[in-house]
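Engineer: My structure file model.txt, compact mmCIF, C-alpha atoms and all ligand atoms, is below:
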```
# COMPACT_ATOMS: atom_id res chain seq x y z
CA MET A 12 91.13 -16.22 255.23
CA ASP A 13 91.54 -13.00 257.18
CA ASP A 14 91.16 -9.54 255.67
CA THR A 15 94.89 -8.87 255.64
CA SER A 16 95.77 -11.91 253.55
CA ALA A 17 92.73 -11.34 251.34
CA ARG A 18 93.95 -7.80 250.69
CA GLU A 19 97.46 -9.00 249.93
CA ARG A 20 96.20 -11.56 247.46
CA LEU A 21 93.86 -9.08 245.79
CA GLU A 22 96.60 -6.47 245.49
CA THR A 23 98.93 -9.05 243.95
CA MET A 24 96.21 -10.03 241.48
CA LEU A 25 95.59 -6.41 240.64
CA ALA A 26 99.29 -5.80 239.94
CA ASP A 27 99.46 -8.89 237.71
CA LEU A 28 96.32 -7.88 235.84
CA ASP A 29 97.60 -4.36 235.31
CA ARG A 30 100.81 -5.78 233.92
CA SER A 31 98.98 -8.19 231.60
CA ILE A 32 96.59 -5.49 230.42
CA GLY A 33 99.50 -3.16 229.72
CA VAL A 34 101.32 -5.83 227.73
CA LEU A 35 98.21 -6.82 225.78
CA GLN A 36 97.40 -3.24 224.89
CA GLY A 37 100.94 -2.47 223.86
CA ASP A 38 101.81 -5.60 221.92
CA PRO A 39 99.12 -8.01 220.67
CA ALA A 40 101.76 -10.56 219.68
CA ALA A 41 102.78 -10.87 223.35
CA VAL A 42 99.49 -12.65 223.90
CA ARG A 43 101.18 -15.84 222.66
CA GLU A 44 103.07 -16.04 225.92
CA TYR A 45 99.78 -16.02 227.82
CA SER A 46 97.73 -18.33 225.63
CA ALA A 47 100.04 -20.95 224.20
CA ALA A 48 97.30 -23.50 224.91
CA ASP A 49 95.00 -22.39 222.09
CA ALA A 50 97.74 -21.52 219.64
CA GLY A 51 96.12 -23.95 217.21
CA SER A 52 92.97 -21.88 216.83
CA ASP A 53 92.64 -19.64 213.81
CA LEU A 54 92.13 -16.48 215.81
CA THR A 55 94.60 -13.77 214.93
CA ASP A 56 96.91 -12.45 217.63
CA ALA A 57 94.89 -9.26 217.72
CA ASP A 58 91.60 -11.15 218.19
CA ARG A 59 93.10 -13.25 220.92
CA ALA A 60 94.61 -10.21 222.61
CA GLN A 61 91.22 -8.51 222.49
CA ALA A 62 89.49 -11.53 224.01
CA MET A 63 92.07 -11.74 226.79
CA LEU A 64 91.85 -8.01 227.42
CA THR A 65 88.10 -8.36 227.87
CA VAL A 66 88.59 -11.15 230.42
CA ALA A 67 91.43 -9.35 232.21
CA THR A 68 89.48 -6.10 232.36
CA ALA A 69 86.41 -7.84 233.79
CA GLN A 70 88.55 -9.59 236.36
CA ARG A 71 90.28 -6.34 237.23
CA HIS A 72 86.87 -4.78 237.95
CA ALA A 73 86.02 -7.74 240.20
CA VAL A 74 89.30 -7.38 242.10
CA VAL A 75 88.86 -3.62 242.54
CA ALA A 76 85.30 -4.19 243.77
CA ALA A 77 86.54 -6.81 246.25
CA LEU A 78 89.16 -4.37 247.60
CA LYS A 79 86.39 -1.80 248.01
CA ARG A 80 84.29 -4.31 249.96
CA LEU A 81 87.33 -4.90 252.20
CA ASP A 82 87.49 -1.15 252.85
CA GLU A 83 83.78 -1.08 253.61
CA GLY A 84 83.91 -4.14 255.83
CA SER A 85 81.49 -6.15 253.71
CA TYR A 86 84.10 -8.44 252.21
CA GLY A 87 83.22 -12.11 252.42
CA SER A 88 79.46 -11.56 252.28
CA CYS A 89 77.53 -12.37 249.13
CA VAL A 90 76.55 -9.10 247.43
CA ASP A 91 73.20 -10.60 246.42
CA CYS A 92 71.92 -12.53 249.43
CA GLY A 93 74.26 -11.27 252.18
CA LYS A 94 75.17 -14.75 253.37
CA PRO A 95 78.84 -15.47 254.01
CA VAL A 96 80.75 -16.62 250.94
CA PRO A 97 82.34 -19.99 251.87
CA GLU A 98 85.97 -19.81 252.90
CA GLY A 99 87.03 -22.36 250.28
CA ARG A 100 85.51 -20.26 247.54
CA LEU A 101 87.35 -17.14 248.69
CA GLU A 102 90.58 -19.13 248.85
CA ALA A 103 90.14 -20.15 245.24
CA ARG A 104 88.79 -16.82 244.04
CA PRO A 105 89.47 -13.96 246.48
CA GLU A 106 87.58 -11.59 244.19
CA ALA A 107 84.36 -13.65 244.37
CA ALA A 108 81.43 -11.35 245.15
CA ARG A 109 78.74 -13.98 245.42
CA CYS A 110 78.09 -17.30 247.05
CA VAL A 111 78.01 -20.30 244.74
CA GLN A 112 74.21 -20.30 244.52
CA CYS A 113 73.86 -16.63 243.56
CA GLN A 114 76.75 -16.87 241.10
CA GLY A 115 75.06 -19.90 239.52
CA LYS A 116 71.77 -18.03 239.20
CA ARG A 117 73.56 -15.09 237.65
CA GLU A 118 75.40 -17.20 235.11
CA ARG A 119 72.26 -19.08 234.08
CA ARG A 120 70.55 -15.77 233.40
CA ARG A 121 73.07 -14.80 230.72
ZN ZN A 201 74.33 -15.37 247.66
```
Now that the file is in, can you turn its structure into structure tokens?
Ligand SMILES: [Zn+2]

Structural biologist:
Amino acid sequence: MDDTSARERLETMLADLDRSIGVLQGDPAAVREYSAADAGSDLTDADRAQAMLTVATAQRHAVVAALKRLDEGSYGSCVDCGKPVPEGRLEARPEAARCVQCQGKRERRR
């Protein structure tokens, strides 16, 4: 994936996230449209909206950071080990900051 299409995808993601975050903040009940799948759980709309806001906000940070790496010319390199992040991984998750190994290490640490 070249930088131009990466940037386009990241900017689209950012716009979608901003829209979702705006909706979630303004109207917790609107979360039902986004999470019909777990409608059976006993979380309240407000709890669910809060959980989704947390996820959306974290993802927004990742997307903004990826755009910054594009500006700096370091996009596509793992922020931990500096090795190239595999193309397939960037296709699936353009905001990915780490190679699979470093991401795995990071997630195990939590
Ligand atoms: Zn790495």

Engineer: As a PyMOL selection string, please: every protein or nucleic acid residue near ligand ZN 201 (chain A) (cut-off 7 Å, counting only C-alpha atoms and all ligand atoms).

Structural biologist: chain A and resi 89-94+109-113

Engineer: Show me as number ranges by chain the residues that reach within 12 Å of (83.7, -7.1, 249.2), counting all atoms listed in the file and using the file's own coordinates.

Structural biologist: A: 14, 17-18, 21, 72-91, 93, 95-96, 101, 105-110

Engineer: Looking at only C-alpha atoms, which of A:Pro97, A:Asp58, A:Thr68, A:Arg119 is the one that sits closest to Ile32 in chain A?

Structural biologist: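 Counting only C-alpha atoms, the residue closest to Ile32 in chain A is A:Thr68.
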
Engineer: From the list A:Arg20, A:Arg59, A:Arg104, A:Lys116, which residue is nearest Gln36 in chain A when using only C-alpha atoms?

Structural biologist: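 Under the stated criterion, the closest residue is A:Arg59.
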
Engineer: Could you tell me which of A:Ala67, A:Asp13, A:Ala60, A:Gln114 comes closest to Leu25 in chain A if we count all atoms listed in the file?

Structural biologist: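 Result for the nearest residue to Leu25 in chain A: A:Ala67.
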
Engineer: Let me make sure I understand: among A:Ser31, A:Arg100, A:Gly37, A:Met12, which one has the smallest atom-to-atom distance to Met63 in chain A if we use all atoms listed in the file?

Structural biologist: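 That would be A:Ser31, the residue with the smallest distance to Met63 in chain A.
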
Engineer: So for range 56-64 of chain A, what box centre and size do we get, axis-aligned, 6 Å extra on each of the six sides, every listed atom, Å to one decimal, as lines of an AutoDock Vina configuration file?

Structural biologist:
```
center_x = 93.2
center_y = -10.6
center_z = 222.5
size_x = 19.4
size_y = 17.2
size_z = 21.8
```

Engineer: By how many Å are CA of Arg71 in chain A and CA of Leu28 in chain A apart?

Structural biologist: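 So the two atoms, CA of Arg71 in chain A and CA of Leu28 in chain A, lie 6.4 Å apart.
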
Engineer: So the first atom is CA of Ala103 in chain A and the second is CA of Ser16 in chain A; what is the distance between them in Å, to one decimal place?

Structural biologist: 13.0 Å

Engineer: As an exercise, work out the distance from CA of Gln70 in chain A to CA of Met24 in chain A in Å and give it to one decimal place.

Structural biologist: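 CA of Gln70 in chain A sits 9.2 Å away from CA of Met24 in chain A.
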